[in-house]
Amino acid sequence: MNSTSFGRLALLFILSVTANLALADISADIDQLQQRWAEVNYQLEGKDQVSAFEELAAVAEQITADNPEEAAAWIWSGIIKSTFAGAKGGLGALGLAKESRADLEKAMTIDADALNGSAYTSLGTLYYSVPGWPIGFGDDEKAEELLTRALALNPDAIDNNYFYGTFLINEKRYEEARNYLNKAQQAPARPGRSIADSGRQIEITQALDDIQGK
C-alpha cells in the first residue's frame, strides 16, 4: 500500500470514529433530557417544578443549537416546552406552547417518524390542549389527524394510546377512550424509562376512573 492510499484510509478511519462519537454524544444528551424531564414532571411540584422546567428548556435549546439536524433533539425540546407550559399556566403558557409547536414542526421537517412518531403525538396533544382561535391555535380536527398518525406508526406505545384516549375523553367519546386507555395500561415497560412509565400509569388510572360509568 502506498502512502497516499494509507493516508486516505487513515482519514476515513478518523472520520468514522468522529461520527460515531458524535452519535454517542447526542444519544447521551437525549437520554439525559428524557430522564430529567420525567423527574421534573413526576417528582416535582409548584415553583420547584416550574424552575426546573425553565432550566431544562434552556438545556434543550442548547442541544438543538449544537445539533440542528437531529430530529430527536427538537422533539424533546418541544415536549419539554409543552409540559413547561402546562406547569406554568397563565399568559406565558401560550408563548411556550407556540415555541413547542415550532420545535416539533422543525423535527418533522427532518424526520417526521423519529422516536416512533413522537412528534405527531406531542403536536397532536398541543392542538387539543391549546385554546382555539382567536386566543390560540387549537384545532381538534388537526389533533386527531396527528394522534392517529402516531398510532399508525406505533400502535402499542403507551403515550400514543394514552394521549389519544385523553383526546377522546375531551370529545366525550368515552367508550373509544376506554379502549385506548386500557391498551395504554397494557403497554410494555420501556427500558430506562421507569419514572416516566410509572407516572404515566398513574395518569392512565386516573383517566379511567374519571370516565367510569360514562
# chains A, B, ... in the order shown; residues from 1 in each chain; ligands from 1

$ residues_around --residues "A:Ser118" --least-positions-apart "3" --cutoff "10 Å" --atoms "only C-alpha atoms" --output "tab-separated table (two decimals) with C-alpha atoms, in the first residue's frame"
chain	number	residue	atom	x	y	z
A	72	ALA	CA	-34.91	13.70	18.39
A	75	ILE	CA	-38.80	16.57	19.64
A	76	TRP	CA	-37.59	16.58	23.21
A	79	ILE	CA	-42.02	18.04	24.73
A	104	LEU	CA	-41.99	19.80	16.83
A	107	ALA	CA	-38.39	17.91	13.92
A	108	MET	CA	-40.95	16.75	11.39
A	112	ALA	CA	-41.35	13.01	10.88
A	113	ASP	CA	-41.19	9.39	12.05
A	114	ALA	CA	-38.33	9.88	14.54
A	115	LEU	CA	-38.76	8.34	18.00
A	121	THR	CA	-48.23	12.59	19.38
A	122	SER	CA	-46.81	15.68	21.05
A	123	LEU	CA	-48.04	18.08	18.37
A	124	GLY	CA	-51.47	16.46	18.32
A	147	LEU	CA	-52.66	11.44	17.00
A	150	ALA	CA	-48.75	8.39	15.57
A	151	LEU	CA	-50.81	5.30	16.38
A	153	LEU	CA	-46.62	4.20	13.31
A	154	ASN	CA	-46.55	2.69	16.78
A	157	ALA	CA	-46.96	2.69	22.55
A	159	ASP	CA	-48.01	7.54	25.12
A	160	ASN	CA	-49.72	7.20	21.74

$ residues_around --residues "A:Gly138" --least-positions-apart "5" --cutoff "10 Å" --atoms "only C-alpha atoms" --output "list in words"
Gly124, Thr125, Leu126, Tyr127, Tyr128, Ser129, Val130, Pro131, Gly132, Trp133 and Ala143 of chain A

$ residues_around --residues "stretch 39-56 of chain A" --least-positions-apart "4" --cutoff "8 Å" --atoms "only C-alpha atoms" --output "ChimeraX atom specification"
/A:33,35,60,80-81,83-84,87-88,195-196,199

$ closest_residue --among "A:Tyr120, A:Trp74, A:Tyr162, A:Tyr174" --to "A:Gln201" --atoms "only C-alpha atoms"
A:Tyr162

$ closest_residue --among "A:Ile211, A:Ala85, A:Ala57, A:Ile26" --to "A:Asn170" --atoms "only C-alpha atoms"
A:Ile211

$ select_by_dssp --residues "stretch 42-208 of chain A" --states "helix (DSSP H, G or I)" --output "PDB file with C-alpha atoms, in the first residue's frame"
ATOM      1  CA  TYR A  42     -43.494  13.464  38.007  1.00  0.00           C
ATOM      2  CA  GLN A  43     -41.402  14.158  41.094  1.00  0.00           C
ATOM      3  CA  GLY A  46     -45.198  24.025  42.242  1.00  0.00           C
ATOM      4  CA  LYS A  47     -42.418  26.586  41.966  1.00  0.00           C
ATOM      5  CA  ASP A  48     -39.717  23.921  42.101  1.00  0.00           C
ATOM      6  CA  GLN A  49     -41.191  22.237  39.054  1.00  0.00           C
ATOM      7  CA  VAL A  50     -41.562  25.483  37.089  1.00  0.00           C
ATOM      8  CA  SER A  51     -37.983  26.496  37.871  1.00  0.00           C
ATOM      9  CA  ALA A  52     -36.651  23.073  36.900  1.00  0.00           C
ATOM     10  CA  PHE A  53     -38.583  23.105  33.627  1.00  0.00           C
ATOM     11  CA  GLU A  54     -37.158  26.521  32.807  1.00  0.00           C
ATOM     12  CA  GLU A  55     -33.632  25.213  33.326  1.00  0.00           C
ATOM     13  CA  LEU A  56     -34.325  22.066  31.326  1.00  0.00           C
ATOM     14  CA  ALA A  57     -35.812  24.042  28.429  1.00  0.00           C
ATOM     15  CA  ALA A  58     -32.606  26.081  28.267  1.00  0.00           C
ATOM     16  CA  VAL A  59     -30.532  22.892  28.162  1.00  0.00           C
ATOM     17  CA  ALA A  60     -32.725  21.513  25.371  1.00  0.00           C
ATOM     18  CA  GLU A  61     -32.334  24.722  23.377  1.00  0.00           C
ATOM     19  CA  GLN A  62     -28.568  24.447  23.628  1.00  0.00           C
ATOM     20  CA  ILE A  63     -28.657  20.836  22.441  1.00  0.00           C
ATOM     21  CA  THR A  64     -30.789  21.750  19.402  1.00  0.00           C
ATOM     22  CA  ALA A  65     -28.441  24.648  18.645  1.00  0.00           C
ATOM     23  CA  ASP A  66     -25.480  22.251  18.722  1.00  0.00           C
ATOM     24  CA  ALA A  71     -34.962  15.363  14.957  1.00  0.00           C
ATOM     25  CA  ALA A  72     -34.908  13.699  18.388  1.00  0.00           C
ATOM     26  CA  ALA A  73     -33.379  16.797  19.971  1.00  0.00           C
ATOM     27  CA  TRP A  74     -36.120  19.018  18.522  1.00  0.00           C
ATOM     28  CA  ILE A  75     -38.805  16.568  19.637  1.00  0.00           C
ATOM     29  CA  TRP A  76     -37.590  16.580  23.205  1.00  0.00           C
ATOM     30  CA  SER A  77     -37.234  20.353  23.193  1.00  0.00           C
ATOM     31  CA  GLY A  78     -40.858  20.511  22.091  1.00  0.00           C
ATOM     32  CA  ILE A  79     -42.018  18.035  24.729  1.00  0.00           C
ATOM     33  CA  ILE A  80     -40.205  19.915  27.491  1.00  0.00           C
ATOM     34  CA  LYS A  81     -41.654  23.278  26.462  1.00  0.00           C
ATOM     35  CA  SER A  82     -45.133  21.809  26.157  1.00  0.00           C
ATOM     36  CA  THR A  83     -45.124  20.344  29.656  1.00  0.00           C
ATOM     37  CA  PHE A  84     -43.431  23.506  30.954  1.00  0.00           C
ATOM     38  CA  ALA A  85     -46.382  25.457  29.535  1.00  0.00           C
ATOM     39  CA  GLY A  86     -48.806  23.217  31.404  1.00  0.00           C
ATOM     40  CA  ALA A  87     -46.902  23.632  34.666  1.00  0.00           C
ATOM     41  CA  LYS A  88     -46.502  27.385  34.296  1.00  0.00           C
ATOM     42  CA  LEU A  91     -50.204  34.215  29.919  1.00  0.00           C
ATOM     43  CA  GLY A  92     -46.726  32.763  29.490  1.00  0.00           C
ATOM     44  CA  ALA A  93     -48.084  29.291  28.739  1.00  0.00           C
ATOM     45  CA  LEU A  94     -49.327  30.145  25.248  1.00  0.00           C
ATOM     46  CA  GLY A  95     -45.936  31.531  24.231  1.00  0.00           C
ATOM     47  CA  LEU A  96     -44.267  28.311  25.367  1.00  0.00           C
ATOM     48  CA  ALA A  97     -46.886  26.267  23.523  1.00  0.00           C
ATOM     49  CA  LYS A  98     -46.084  28.160  20.327  1.00  0.00           C
ATOM     50  CA  GLU A  99     -42.357  27.532  20.838  1.00  0.00           C
ATOM     51  CA  SER A 100     -43.125  23.859  21.395  1.00  0.00           C
ATOM     52  CA  ARG A 101     -45.136  23.704  18.183  1.00  0.00           C
ATOM     53  CA  ALA A 102     -42.258  25.298  16.254  1.00  0.00           C
ATOM     54  CA  ASP A 103     -39.769  22.774  17.664  1.00  0.00           C
ATOM     55  CA  LEU A 104     -41.989  19.802  16.830  1.00  0.00           C
ATOM     56  CA  GLU A 105     -42.669  21.079  13.329  1.00  0.00           C
ATOM     57  CA  LYS A 106     -38.924  21.519  12.863  1.00  0.00           C
ATOM     58  CA  ALA A 107     -38.392  17.909  13.921  1.00  0.00           C
ATOM     59  CA  MET A 108     -40.949  16.753  11.388  1.00  0.00           C
ATOM     60  CA  THR A 109     -39.147  18.512   8.542  1.00  0.00           C
ATOM     61  CA  ILE A 110     -36.035  16.499   9.455  1.00  0.00           C
ATOM     62  CA  ASP A 111     -37.613  13.112  10.202  1.00  0.00           C
ATOM     63  CA  ALA A 114     -38.329   9.878  14.542  1.00  0.00           C
ATOM     64  CA  LEU A 115     -38.758   8.344  18.001  1.00  0.00           C
ATOM     65  CA  ASN A 116     -41.619   6.197  16.690  1.00  0.00           C
ATOM     66  CA  GLY A 117     -43.714   9.203  15.715  1.00  0.00           C
ATOM     67  CA  SER A 118     -43.391  11.120  18.981  1.00  0.00           C
ATOM     68  CA  ALA A 119     -43.603  14.432  17.123  1.00  0.00           C
ATOM     69  CA  TYR A 120     -47.075  13.509  15.877  1.00  0.00           C
ATOM     70  CA  THR A 121     -48.226  12.588  19.383  1.00  0.00           C
ATOM     71  CA  SER A 122     -46.806  15.683  21.050  1.00  0.00           C
ATOM     72  CA  LEU A 123     -48.039  18.075  18.368  1.00  0.00           C
ATOM     73  CA  GLY A 124     -51.474  16.463  18.324  1.00  0.00           C
ATOM     74  CA  THR A 125     -51.695  16.862  22.098  1.00  0.00           C
ATOM     75  CA  LEU A 126     -50.817  20.542  21.763  1.00  0.00           C
ATOM     76  CA  TYR A 127     -53.555  21.079  19.198  1.00  0.00           C
ATOM     77  CA  TYR A 128     -56.279  19.764  21.502  1.00  0.00           C
ATOM     78  CA  SER A 129     -54.864  21.308  24.680  1.00  0.00           C
ATOM     79  CA  ASP A 140     -59.420  19.289  17.361  1.00  0.00           C
ATOM     80  CA  GLU A 141     -59.594  18.007  13.790  1.00  0.00           C
ATOM     81  CA  LYS A 142     -55.870  18.560  13.312  1.00  0.00           C
ATOM     82  CA  ALA A 143     -55.205  16.984  16.707  1.00  0.00           C
ATOM     83  CA  GLU A 144     -56.993  13.768  15.800  1.00  0.00           C
ATOM     84  CA  GLU A 145     -55.230  13.571  12.446  1.00  0.00           C
ATOM     85  CA  LEU A 146     -51.824  13.780  14.135  1.00  0.00           C
ATOM     86  CA  LEU A 147     -52.662  11.437  17.002  1.00  0.00           C
ATOM     87  CA  THR A 148     -53.992   8.712  14.713  1.00  0.00           C
ATOM     88  CA  ARG A 149     -50.912   9.072  12.518  1.00  0.00           C
ATOM     89  CA  ALA A 150     -48.751   8.385  15.572  1.00  0.00           C
ATOM     90  CA  LEU A 151     -50.814   5.296  16.383  1.00  0.00           C
ATOM     91  CA  ALA A 152     -50.405   4.028  12.835  1.00  0.00           C
ATOM     92  CA  LEU A 153     -46.624   4.198  13.307  1.00  0.00           C
ATOM     93  CA  ILE A 158     -48.086   3.827  25.965  1.00  0.00           C
ATOM     94  CA  ASP A 159     -48.005   7.542  25.125  1.00  0.00           C
ATOM     95  CA  ASN A 160     -49.721   7.205  21.744  1.00  0.00           C
ATOM     96  CA  ASN A 161     -52.634   5.311  23.285  1.00  0.00           C
ATOM     97  CA  TYR A 162     -52.846   7.466  26.399  1.00  0.00           C
ATOM     98  CA  PHE A 163     -52.929  10.798  24.596  1.00  0.00           C
ATOM     99  CA  TYR A 164     -55.417   9.621  22.001  1.00  0.00           C
ATOM    100  CA  GLY A 165     -57.516   8.314  24.869  1.00  0.00           C
ATOM    101  CA  THR A 166     -57.486  11.686  26.619  1.00  0.00           C
ATOM    102  CA  PHE A 167     -58.361  13.396  23.334  1.00  0.00           C
ATOM    103  CA  LEU A 168     -61.364  11.102  23.017  1.00  0.00           C
ATOM    104  CA  ILE A 169     -62.424  11.959  26.560  1.00  0.00           C
ATOM    105  CA  ASN A 170     -62.404  15.638  25.616  1.00  0.00           C
ATOM    106  CA  TYR A 174     -65.912   7.646  26.301  1.00  0.00           C
ATOM    107  CA  GLU A 175     -66.161   4.042  25.077  1.00  0.00           C
ATOM    108  CA  GLU A 176     -63.474   4.624  22.462  1.00  0.00           C
ATOM    109  CA  ALA A 177     -61.356   6.409  25.053  1.00  0.00           C
ATOM    110  CA  ARG A 178     -61.644   3.487  27.445  1.00  0.00           C
ATOM    111  CA  ASN A 179     -60.356   1.081  24.783  1.00  0.00           C
ATOM    112  CA  TYR A 180     -57.242   3.150  24.111  1.00  0.00           C
ATOM    113  CA  LEU A 181     -56.564   3.795  27.791  1.00  0.00           C
ATOM    114  CA  ASN A 182     -56.834   0.079  28.539  1.00  0.00           C
ATOM    115  CA  LYS A 183     -54.348  -0.587  25.753  1.00  0.00           C
ATOM    116  CA  ALA A 184     -52.006   2.047  27.190  1.00  0.00           C
ATOM    117  CA  GLN A 185     -52.270   0.332  30.558  1.00  0.00           C
ATOM    118  CA  SER A 194     -39.188   3.605  34.693  1.00  0.00           C
ATOM    119  CA  ILE A 195     -40.029   7.017  36.178  1.00  0.00           C
ATOM    120  CA  ALA A 196     -41.924   8.083  33.071  1.00  0.00           C
ATOM    121  CA  ASP A 197     -43.752   4.752  32.838  1.00  0.00           C
ATOM    122  CA  SER A 198     -44.769   4.816  36.491  1.00  0.00           C
ATOM    123  CA  GLY A 199     -46.028   8.386  36.252  1.00  0.00           C
ATOM    124  CA  ARG A 200     -47.916   7.698  33.033  1.00  0.00           C
ATOM    125  CA  GLN A 201     -49.600   4.630  34.516  1.00  0.00           C
ATOM    126  CA  ILE A 202     -50.913   6.776  37.368  1.00  0.00           C
ATOM    127  CA  GLU A 203     -52.343   9.212  34.801  1.00  0.00           C
ATOM    128  CA  ILE A 204     -53.941   6.355  32.870  1.00  0.00           C
ATOM    129  CA  THR A 205     -55.600   5.011  36.005  1.00  0.00           C
ATOM    130  CA  GLN A 206     -56.894   8.489  36.868  1.00  0.00           C
ATOM    131  CA  ALA A 207     -58.298   8.962  33.365  1.00  0.00           C
ATOM    132  CA  LEU A 208     -60.083   5.594  33.536  1.00  0.00           C
TER     133      LEU A 208
END
